[in-house]
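So this one's data-v8.cif, mmCIF, C-alpha atoms and all ligand atoms:
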```cif
data_input
#
loop_
_atom_site.label_atom_id
_atom_site.label_comp_id
_atom_site.auth_asym_id
_atom_site.auth_seq_id
_atom_site.Cartn_x
_atom_site.Cartn_y
_atom_site.Cartn_z
CA MET Z 1 188.58 187.30 37.65
CA ALA Z 2 185.50 188.22 35.58
CA LYS Z 3 182.94 185.43 35.50
CA VAL Z 4 180.74 184.31 32.60
CA LEU Z 5 177.86 181.83 32.85
CA CYS Z 6 177.30 179.99 29.56
CA ILE Z 7 173.83 178.55 28.94
CA ALA Z 8 172.79 175.50 26.93
CA GLY Z 9 169.52 173.65 27.01
CA ALA Z 10 168.43 172.04 23.78
CA ARG Z 11 170.08 169.92 21.11
CA PRO Z 12 170.96 172.72 18.67
CA ASN Z 13 172.64 174.62 21.51
CA PHE Z 14 175.19 171.92 22.20
CA MET Z 15 177.19 172.14 18.96
CA LYS Z 16 177.25 175.93 19.39
CA ILE Z 17 178.31 176.02 23.03
CA ALA Z 18 181.11 173.42 22.56
CA PRO Z 19 183.64 175.67 20.76
CA VAL Z 20 182.63 178.70 22.84
CA MET Z 21 183.34 176.84 26.09
CA ALA Z 22 186.67 175.62 24.70
CA ALA Z 23 187.72 179.13 23.66
CA LEU Z 24 186.57 180.78 26.89
CA ARG Z 25 188.39 178.14 28.92
CA ALA Z 26 191.60 178.19 26.87
CA PRO Z 27 194.68 178.28 29.13
CA GLU Z 28 195.37 181.96 28.43
CA SER Z 29 191.73 183.05 29.01
CA PRO Z 30 191.33 185.69 31.70
CA LEU Z 31 187.72 184.66 32.33
CA ALA Z 32 186.17 182.22 34.81
CA VAL Z 33 183.51 180.25 32.98
CA ARG Z 34 180.69 178.05 34.29
CA LEU Z 35 178.24 176.01 32.21
CA VAL Z 36 174.53 175.94 33.04
CA HIS Z 37 172.31 173.26 31.45
CA THR Z 38 168.61 174.07 31.64
CA GLY Z 39 167.50 170.50 30.92
CA GLN Z 40 165.12 171.54 28.11
CA HIS Z 41 166.34 168.44 26.25
CA TYR Z 42 167.02 165.44 28.44
CA ASP Z 43 166.84 162.18 26.41
CA VAL Z 44 170.21 160.46 26.04
CA ALA Z 45 169.88 160.72 22.27
CA MET Z 46 169.07 164.44 22.39
CA ASN Z 47 171.53 165.34 25.11
CA GLU Z 48 174.27 163.18 26.72
CA ARG Z 49 175.49 161.80 23.40
CA PHE Z 50 176.27 165.34 22.23
CA PHE Z 51 178.20 166.16 25.38
CA GLU Z 52 180.29 163.00 24.96
CA GLN Z 53 180.93 163.34 21.24
CA LEU Z 54 181.71 167.05 21.33
CA GLY Z 55 183.79 166.93 24.51
CA ILE Z 56 181.60 169.51 26.24
CA PRO Z 57 182.50 169.71 29.93
CA MET Z 58 179.88 168.42 32.35
CA PRO Z 59 177.51 171.23 33.28
CA ASP Z 60 178.42 172.93 36.57
CA ILE Z 61 174.75 173.62 37.23
CA HIS Z 62 171.75 171.66 35.96
CA LEU Z 63 168.25 173.13 36.14
CA GLU Z 64 166.43 169.93 35.02
CA VAL Z 65 163.35 171.65 33.65
CA GLY Z 66 162.25 169.07 31.07
CA SER Z 67 159.35 169.45 28.63
CA ALA Z 68 156.20 171.53 29.09
CA SER Z 69 154.17 174.13 27.21
CA HIS Z 70 156.16 177.15 26.05
CA ALA Z 71 154.92 179.35 28.89
CA VAL Z 72 155.52 176.77 31.58
CA GLN Z 73 158.93 175.72 30.23
CA THR Z 74 160.13 179.31 29.85
CA ALA Z 75 158.78 180.32 33.26
CA GLU Z 76 160.29 177.29 34.95
CA ILE Z 77 163.72 177.98 33.47
CA MET Z 78 163.47 181.58 34.70
CA ARG Z 79 162.35 180.53 38.17
CA ARG Z 80 165.26 178.08 38.49
CA PHE Z 81 167.88 180.33 36.89
CA GLU Z 82 167.26 183.38 39.06
CA PRO Z 83 168.78 181.91 42.26
CA VAL Z 84 171.76 180.72 40.18
CA VAL Z 85 172.46 184.29 39.10
CA ASP Z 86 172.10 185.47 42.71
CA GLU Z 87 174.49 182.81 43.93
CA GLU Z 88 177.06 182.98 41.15
CA GLU Z 89 177.09 186.77 40.64
CA PRO Z 90 178.36 186.55 37.05
CA ASP Z 91 179.66 189.58 35.17
CA ALA Z 92 177.95 188.32 32.02
CA ILE Z 93 175.90 185.44 30.73
CA LEU Z 94 176.25 183.97 27.25
CA VAL Z 95 173.31 182.43 25.40
CA VAL Z 96 173.24 180.79 21.97
CA GLY Z 97 170.59 180.33 19.28
CA ASP Z 98 166.87 180.83 19.66
CA VAL Z 99 165.35 178.18 21.89
CA ASN Z 100 163.23 178.77 24.99
CA SER Z 101 166.30 178.40 27.23
CA THR Z 102 167.93 181.30 25.34
CA ILE Z 103 165.20 183.87 26.00
CA ALA Z 104 164.42 182.63 29.51
CA CYS Z 105 167.97 183.06 30.80
CA ALA Z 106 168.55 186.31 28.89
CA LEU Z 107 165.45 187.82 30.49
CA VAL Z 108 166.46 186.83 34.01
CA ALA Z 109 169.98 188.21 33.58
CA ALA Z 110 168.92 191.47 31.91
CA LYS Z 111 166.48 192.26 34.72
CA LYS Z 112 169.23 191.74 37.25
CA GLY Z 113 171.55 194.08 35.41
CA VAL Z 114 173.85 191.29 34.20
CA ALA Z 115 175.13 191.84 30.65
CA VAL Z 116 173.97 189.31 28.06
CA ALA Z 117 176.03 188.01 25.13
CA HIS Z 118 173.98 186.45 22.32
CA VAL Z 119 175.71 184.13 19.89
CA GLU Z 120 173.87 183.87 16.55
CA ALA Z 121 172.18 187.25 16.92
CA GLY Z 122 170.19 189.11 14.27
CA LEU Z 123 168.76 186.18 12.30
CA ARG Z 124 165.16 186.86 11.28
CA SER Z 125 162.57 184.80 9.42
CA TYR Z 126 160.04 187.64 9.87
CA ASP Z 127 157.54 184.93 10.73
CA ARG Z 128 156.14 185.47 14.20
CA ALA Z 129 154.27 182.18 14.03
CA MET Z 130 157.64 180.55 14.74
CA PRO Z 131 158.32 180.41 18.46
CA GLU Z 132 162.03 180.79 17.70
CA GLU Z 133 161.46 184.14 15.94
CA ILE Z 134 159.94 185.58 19.10
CA ASN Z 135 162.87 184.23 21.11
CA ARG Z 136 165.36 185.80 18.65
CA VAL Z 137 163.81 189.27 18.60
CA LEU Z 138 163.46 189.47 22.38
CA THR Z 139 166.89 188.03 23.17
CA ASP Z 140 168.54 190.54 20.86
CA GLN Z 141 166.71 193.41 22.56
CA LEU Z 142 168.11 192.26 25.89
CA SER Z 143 171.69 191.67 24.75
CA HIS Z 144 174.79 193.80 25.12
CA TRP Z 145 177.02 191.79 22.79
CA LEU Z 146 175.35 190.61 19.57
CA PHE Z 147 177.59 188.10 17.80
CA THR Z 148 176.47 187.53 14.22
CA THR Z 149 177.04 184.85 11.60
CA GLU Z 150 176.24 186.89 8.50
CA ARG Z 151 176.28 190.58 7.55
CA LEU Z 152 172.58 190.77 6.76
CA ALA Z 153 171.91 190.21 10.46
CA HIS Z 154 173.30 193.71 11.11
CA ASP Z 155 170.61 195.26 8.90
CA ASN Z 156 167.95 193.36 10.83
CA LEU Z 157 169.37 194.54 14.14
CA ARG Z 158 169.71 198.18 13.02
CA ARG Z 159 166.06 198.13 11.99
CA GLU Z 160 165.24 197.14 15.57
CA GLY Z 161 167.31 199.96 17.03
CA VAL Z 162 170.40 198.02 18.08
CA ALA Z 163 173.55 200.18 18.16
CA ASP Z 164 176.34 199.28 15.75
CA GLU Z 165 178.96 199.17 18.48
CA ASN Z 166 177.16 196.24 20.10
CA MET Z 167 177.20 194.11 16.94
CA HIS Z 168 180.17 191.89 16.14
CA PHE Z 169 180.40 189.90 12.92
CA VAL Z 170 182.36 186.85 14.10
CA GLY Z 171 181.30 183.94 11.88
CA ASN Z 172 179.50 180.75 12.77
CA VAL Z 173 180.30 178.69 15.87
CA MET Z 174 178.25 175.78 14.56
CA ILE Z 175 180.64 175.60 11.63
CA ASP Z 176 183.61 175.74 14.04
CA THR Z 177 182.25 172.48 15.45
CA LEU Z 178 181.66 171.01 12.02
CA PHE Z 179 185.21 171.68 10.83
CA ARG Z 180 186.65 170.39 14.09
CA ASN Z 181 184.77 167.10 13.83
CA ARG Z 182 184.61 166.46 10.10
CA GLN Z 183 187.28 163.77 10.22
CA ARG Z 184 185.51 161.97 13.06
CA ALA Z 185 182.15 161.67 11.28
CA VAL Z 186 180.61 158.19 11.56
CA ALA Z 187 180.18 156.60 8.13
CA ALA Z 188 176.55 156.45 7.03
CA GLY Z 189 176.77 152.70 6.39
CA GLU Z 190 177.58 152.12 10.04
CA THR Z 191 174.56 154.14 11.15
CA PHE Z 192 172.31 152.24 8.75
CA ALA Z 193 173.66 148.90 9.94
CA ARG Z 194 173.08 149.86 13.57
CA ALA Z 195 169.50 150.82 12.72
CA GLY Z 196 168.89 147.44 11.08
CA TRP Z 197 168.87 148.74 7.48
CA ALA Z 198 172.09 146.99 6.42
CA ASN Z 199 170.61 145.05 3.52
CA THR Z 200 168.27 147.60 2.05
CA ARG Z 201 168.28 150.12 -0.82
CA LEU Z 202 169.41 152.67 1.73
CA ALA Z 203 172.67 150.88 2.41
CA ALA Z 204 173.49 150.76 -1.31
CA GLY Z 205 175.03 154.25 -0.99
CA ALA Z 206 172.73 156.65 -2.85
CA TYR Z 207 170.34 158.18 -0.34
CA GLY Z 208 168.86 161.42 0.93
CA VAL Z 209 168.48 162.59 4.52
CA LEU Z 210 165.17 163.85 5.89
CA THR Z 211 164.45 165.66 9.15
CA LEU Z 212 161.22 167.28 10.32
CA HIS Z 213 160.33 168.75 13.68
CA ARG Z 214 158.89 172.27 13.28
CA PRO Z 215 155.44 172.60 14.85
CA SER Z 216 154.21 174.16 11.57
CA ASN Z 217 155.09 170.94 9.73
CA VAL Z 218 154.34 168.23 12.24
CA ASP Z 219 151.59 169.46 14.57
CA ASP Z 220 148.74 169.54 12.03
CA PRO Z 221 147.92 165.96 10.95
CA ALA Z 222 146.76 167.04 7.47
CA THR Z 223 150.01 168.96 6.75
CA LEU Z 224 152.11 166.12 8.13
CA LYS Z 225 150.24 163.59 6.00
CA ARG Z 226 150.65 165.68 2.84
CA LEU Z 227 154.38 165.97 3.49
CA LEU Z 228 154.89 162.29 4.24
CA GLU Z 229 152.89 161.35 1.16
CA VAL Z 230 155.09 163.28 -1.25
CA LEU Z 231 158.27 162.29 0.57
CA ARG Z 232 157.39 158.60 0.41
CA GLU Z 233 156.69 158.99 -3.29
CA LEU Z 234 160.09 160.68 -3.86
CA GLY Z 235 161.77 158.03 -1.75
CA ALA Z 236 161.10 155.63 -4.63
CA ASP Z 237 163.69 157.60 -6.68
CA LEU Z 238 166.13 158.09 -3.80
CA PRO Z 239 165.62 156.32 -0.46
CA LEU Z 240 165.38 158.71 2.47
CA ALA Z 241 167.04 158.16 5.85
CA PHE Z 242 164.85 159.84 8.48
CA PRO Z 243 166.17 160.34 12.02
CA VAL Z 244 162.91 161.06 13.82
CA HIS Z 245 162.75 163.80 16.48
CA PRO Z 246 160.75 162.70 19.58
CA ARG Z 247 158.03 165.29 19.01
CA THR Z 248 157.68 164.18 15.37
CA ARG Z 249 157.49 160.53 16.36
CA SER Z 250 154.66 161.21 18.77
CA ARG Z 251 152.79 163.33 16.19
CA ILE Z 252 153.16 160.62 13.53
CA GLN Z 253 151.87 158.00 15.91
CA ALA Z 254 148.98 160.15 17.15
CA ALA Z 255 147.92 160.90 13.56
CA GLY Z 256 148.07 157.21 12.57
CA LEU Z 257 150.72 157.90 9.92
CA ALA Z 258 153.43 155.42 10.98
CA GLY Z 259 152.76 153.39 7.80
CA TYR Z 260 154.46 156.10 5.72
CA LEU Z 261 157.80 155.23 7.32
CA ASP Z 262 157.73 152.04 5.31
CA GLY Z 263 161.37 150.92 5.39
CA GLU Z 264 161.37 150.90 1.58
CA ASN Z 265 161.27 154.53 0.56
CA ILE Z 266 161.48 156.23 3.96
CA PHE Z 267 163.72 154.58 6.56
CA PRO Z 268 163.11 155.76 10.12
CA LEU Z 269 166.02 156.00 12.57
CA GLU Z 270 166.15 156.97 16.24
CA PRO Z 271 167.59 160.49 16.72
CA VAL Z 272 171.28 160.16 15.89
CA GLY Z 273 174.34 161.72 17.55
CA TYR Z 274 176.30 164.62 16.11
CA LEU Z 275 179.00 162.51 14.46
CA GLU Z 276 176.41 160.19 12.96
CA MET Z 277 174.44 163.11 11.54
CA LEU Z 278 177.59 164.61 10.09
CA GLY Z 279 178.36 161.30 8.37
CA LEU Z 280 174.80 161.01 7.08
CA MET Z 281 174.79 164.54 5.64
CA ARG Z 282 178.25 164.26 4.14
CA GLY Z 283 177.39 161.11 2.20
CA ALA Z 284 173.93 162.24 1.06
CA ARG Z 285 172.87 163.22 -2.46
CA LEU Z 286 170.57 165.78 -0.84
CA VAL Z 287 169.07 166.80 2.48
CA LEU Z 288 165.41 167.65 3.06
CA THR Z 289 164.85 169.47 6.32
CA ASP Z 290 163.03 172.10 8.34
CA SER Z 291 165.98 172.53 10.72
CA GLY Z 292 167.84 175.84 10.94
CA GLY Z 293 171.26 174.39 11.72
CA MET Z 294 171.20 171.82 8.93
CA GLN Z 295 170.71 174.57 6.34
CA GLU Z 296 174.06 175.93 7.50
CA GLU Z 297 175.81 172.58 7.89
CA THR Z 298 174.87 171.46 4.38
CA THR Z 299 176.17 174.77 3.02
CA ALA Z 300 179.49 174.20 4.79
CA LEU Z 301 179.62 170.62 3.49
CA GLY Z 302 178.60 171.54 -0.07
CA VAL Z 303 175.60 169.17 -0.03
CA PRO Z 304 172.33 170.34 -1.65
CA CYS Z 305 169.62 171.19 0.87
CA LEU Z 306 165.90 171.56 0.21
CA THR Z 307 164.31 173.42 3.10
CA LEU Z 308 160.74 172.42 3.84
CA ARG Z 309 159.68 175.87 5.06
CA GLU Z 310 158.22 179.01 3.50
CA ASN Z 311 160.97 181.25 4.89
CA THR Z 312 164.40 181.10 6.42
CA GLU Z 313 166.25 183.24 8.94
CA ARG Z 314 169.49 182.13 7.30
CA PRO Z 315 169.35 183.77 3.84
CA ILE Z 316 173.08 183.44 3.27
CA THR Z 317 172.63 179.69 2.84
CA ILE Z 318 170.44 180.51 -0.16
CA GLU Z 319 172.47 183.39 -1.60
CA HIS Z 320 175.88 181.77 -1.22
CA GLY Z 321 175.24 178.23 -0.11
CA THR Z 322 173.56 175.07 -1.33
CA ASN Z 323 170.14 175.75 0.16
CA THR Z 324 166.82 176.13 -1.70
CA LEU Z 325 163.56 177.06 0.01
CA VAL Z 326 160.93 174.66 -1.25
CA GLY Z 327 158.12 175.20 1.25
CA ILE Z 328 155.56 172.47 1.80
CA ASN Z 329 153.75 172.47 -1.52
CA PRO Z 330 154.04 168.90 -2.89
CA GLU Z 331 154.40 170.10 -6.50
CA ARG Z 332 157.33 172.34 -5.66
CA ILE Z 333 158.99 169.75 -3.43
CA ARG Z 334 158.70 167.20 -6.25
CA ALA Z 335 160.06 169.59 -8.88
CA CYS Z 336 163.04 170.72 -6.79
CA PHE Z 337 163.86 167.19 -5.69
CA LYS Z 338 163.94 165.93 -9.29
CA GLU Z 339 165.98 168.94 -10.34
CA VAL Z 340 168.67 168.13 -7.74
CA LEU Z 341 168.75 164.50 -8.82
CA THR Z 342 169.19 165.56 -12.44
CA SER Z 343 171.58 168.50 -12.09
CA GLY Z 344 173.36 167.68 -8.83
CA GLY Z 345 171.98 170.83 -7.16
CA LYS Z 346 173.48 174.21 -6.34
CA ALA Z 347 177.25 174.25 -6.05
CA GLY Z 348 177.42 177.03 -3.44
CA ARG Z 349 180.37 178.33 -1.48
CA VAL Z 350 181.19 178.64 2.18
CA PRO Z 351 180.15 182.09 3.51
CA GLU Z 352 182.52 184.74 4.81
CA LEU Z 353 184.13 184.00 8.19
CA TRP Z 354 182.67 180.49 8.39
CA ASP Z 355 186.24 179.41 8.88
CA GLY Z 356 186.31 177.51 12.16
CA ARG Z 357 187.45 180.49 14.27
CA ALA Z 358 184.24 182.20 15.33
CA ALA Z 359 184.46 181.08 18.97
CA GLU Z 360 188.01 182.44 19.25
CA ARG Z 361 186.76 185.83 18.04
CA ILE Z 362 183.94 185.80 20.58
CA ALA Z 363 186.34 184.89 23.39
CA ALA Z 364 188.73 187.67 22.39
CA ILE Z 365 185.98 190.29 22.43
CA LEU Z 366 184.58 189.16 25.78
CA ALA Z 367 188.07 188.99 27.30
CA GLY Z 368 188.78 192.52 26.05
CA ASP Z 369 185.54 193.95 27.40
CA LEU Z 370 185.31 192.04 30.68
CA ALA Z 371 188.93 191.61 31.68
CA GLY Z 372 190.70 194.35 29.76
CA ALA Z 373 192.68 191.78 27.77
CA ALA Z 374 193.95 192.75 24.32
CA PRO Z 375 190.99 192.42 21.95
CA GLY Z 376 191.14 189.87 19.15
CA THR Z 377 192.51 190.89 15.81
CA ALA Z 378 190.51 188.65 13.56
CA CYS Z 379 187.11 190.31 13.93
CA ALA Z 380 185.67 192.08 10.90
C1 LIG S 1 163.39 172.81 20.42
C2 LIG S 1 163.53 174.26 19.99
C3 LIG S 1 163.75 174.31 18.48
C4 LIG S 1 164.89 173.43 18.06
C5 LIG S 1 164.62 172.03 18.55
C6 LIG S 1 165.68 171.04 18.17
C7 LIG S 1 162.22 175.90 21.27
C8 LIG S 1 161.08 176.83 21.20
N1 LIG S 1 162.32 175.02 20.25
O1 LIG S 1 162.21 172.30 19.83
O2 LIG S 1 164.06 175.65 18.12
O3 LIG S 1 165.02 173.45 16.66
O4 LIG S 1 164.51 172.09 19.98
O5 LIG S 1 165.43 169.80 18.69
O6 LIG S 1 163.00 175.97 22.19
N2 LIG S 1 161.18 165.68 23.78
C9 LIG S 1 161.63 164.46 24.19
N3 LIG S 1 162.89 164.37 24.68
C10 LIG S 1 163.72 165.43 24.79
C11 LIG S 1 163.25 166.67 24.39
C12 LIG S 1 161.97 166.79 23.88
O7 LIG S 1 160.93 163.47 24.12
O8 LIG S 1 164.88 165.27 25.22
C13 LIG S 1 159.82 165.78 23.22
C14 LIG S 1 158.78 166.09 24.27
O9 LIG S 1 157.61 165.46 23.90
C15 LIG S 1 158.60 167.59 24.14
C16 LIG S 1 158.80 167.78 22.64
O10 LIG S 1 159.79 166.83 22.28
O11 LIG S 1 157.37 168.04 24.58
C17 LIG S 1 159.23 169.15 22.26
O12 LIG S 1 160.41 169.54 22.98
P1 LIG S 1 160.75 171.10 23.17
O13 LIG S 1 162.04 171.24 23.88
O14 LIG S 1 159.57 171.81 23.75
O15 LIG S 1 160.87 171.64 21.70
P2 LIG S 1 161.51 171.01 20.40
O16 LIG S 1 160.43 170.67 19.46
O17 LIG S 1 162.52 169.96 20.73
#
```
For this file, produce the structure as structure tokens.
Amino acid sequence: MAKVLCIAGARPNFMKIAPVMAALRAPESPLAVRLVHTGQHYDVAMNERFFEQLGIPMPDIHLEVGSASHAVQTAEIMRRFEPVVDEEEPDAILVVGDVNSTIACALVAAKKGVAVAHVEAGLRSYDRAMPEEINRVLTDQLSHWLFTTERLAHDNLRREGVADENMHFVGNVMIDTLFRNRQRAVAAGETFARAGWANTRLAAGAYGVLTLHRPSNVDDPATLKRLLEVLRELGADLPLAFPVHPRTRSRIQAAGLAGYLDGENIFPLEPVGYLEMLGLMRGARLVLTDSGGMQEETTALGVPCLTLRENTERPITIEHGTNTLVGINPERIRACFKEVLTSGGKAGRVPELWDGRAAERIAAILAGDLAGAAPGTACA
């Protein structure tokens, strides 16, 4: 039986790997599948809670790398993954997204002649200052199967010399997870009550959701301060629920900016689970974020999203979805925020093939190529 090692390491990987694991381990699957967790994210709130809520099987192999600089983290994942490949002798490995775990494992496998499947291939921000952009470009160069979420990704890949026969437009596995769990979303009021905000403006029902964690937004104290200043000001019009990523929390504390999370306009929360975040986004008037995944999730939910970045690797969320790039200029953030409150924001529509069946398409292609099973029919 052909064997595939699936890799997950960081929070945004978990909602992508969940449907892929389920499809690859479906009763009729001709593939043997093992899950490797690199341990890039390890806090309960960033890790275990997602496994529980999404029904991801316990990892078969855990590399327990933890946090470090990019070079050390990537190198450590590679060092620990190499003996796993030697021992397991997989026919292929499957990586998702663009985090350090993605490139580290892809590089180890490619050098050992093991074929790499990349889920969410071809996305490009064309901003090499983003560590994820470097991870994307390199992982795609090393991959045999490039599974894409939008057609524009194929143009990006062609430009980089990737052959058409290796690209497969399958849709969006993150949206598979969203559709599968929409009914189970935890109501926002419950999350606010648990965080101690039960009797505040936030709990009254009209609120926005804020997330920030990109190094470009949170690592420079002056940029972070400018952002928090305008966001606190806008929070007077619409209170903002702010689940705070661990790296952001430490940057805010180090820069002496904790006072901006005042519990009047900006309401800090511990990082929330998947079902809580889904409930928060679904009930929000708008979402302000620098996350990649939330640009897609808000598009699928039909909730306006203002992206606090100068570029996006997910242009379809702008063309077809509810997303607007607002950057980090306070004037523009203010103007776009007010515009959404007045007009209700972009209506948007759900992009092509974001239909909850992307993981099935991936499984059908891998089964066809690795085990000679009949290839899937649903792939465009
Ligand atoms: C990583 C990904 C990013 C993704 C994000 C989502 C890379 C290059 N970046 O960024 O693409 O959007 O995950 O969360 O892979 N920390 C904890 N507990 C944890 C994990 C991290 O406290 O469980 C803290 C540590 O201080 C750590 C810092 O967060 O140094 C950064 O973690 P790291 O995994 O390096 O990158 P993220 O910023 O989480």
Within 8 Å of Pro19 of chain Z using all atoms listed in the file, minus same-chain residues under 6 positions, as a ChimeraX atom specification | /Z:173,176-177,359
Please check which residues have atoms at most 7 Å from (158.3, 168.6, -0.6) in the file's coordinates, counting all atoms listed in the file, and write them as a list in words.
->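 The distance filter leaves exactly Leu227, Val230, Leu231, Leu308, Val326, Gly327, Ile328, Asn329, Pro330, Arg332, Ile333 and Arg334 of chain Z.
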Would you mind listing the residues within 7 Å of ligand LIG 1 (chain S), counting only C-alpha atoms and all ligand atoms, as a list in words?
->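 My answer, listing the contacting residues, is Ala10, Arg11, Pro12, Gln40, His41, Tyr42, Asp43, Met46, Asn47, Ser67, Ala68, Ser69, His70, Asp98, Val99, Asn100, Ser101, Pro131, Glu132, His213, Arg214, His245, Pro246, Arg247, Ser291 and Gly292 of chain Z.
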To one decimal in Å, tell me the separation between atom CA of Gly263 of chain Z and atom CA of Ala188 of chain Z.
->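 Those two atoms sit 16.2 Å apart.
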Pick from Z:Gly205, Z:Met294, Z:Trp197, Z:Arg349: nearest to Pro268 of chain Z, with only C-alpha atoms counted?
->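 Checking each candidate against Pro268 of chain Z, we get Z:Trp197 as the closest.
If you measure from each of Z:Ala358, Z:Ile61, Z:Ala206, Z:Ala373 to Ala236 of chain Z using all atoms listed in the file, the closest one turns out to be Z:Ala206.
Coordinates place atom CA of Lys346 of chain Z at a distance of 23.4 Å from atom CA of Arg232 of chain Z.
In terms of minimum interatomic distance to Phe179 of chain Z, Z:Met15 ranks closest within Z:Ala163, Z:Val116, Z:Leu224, Z:Met15, counting all atoms listed in the file.
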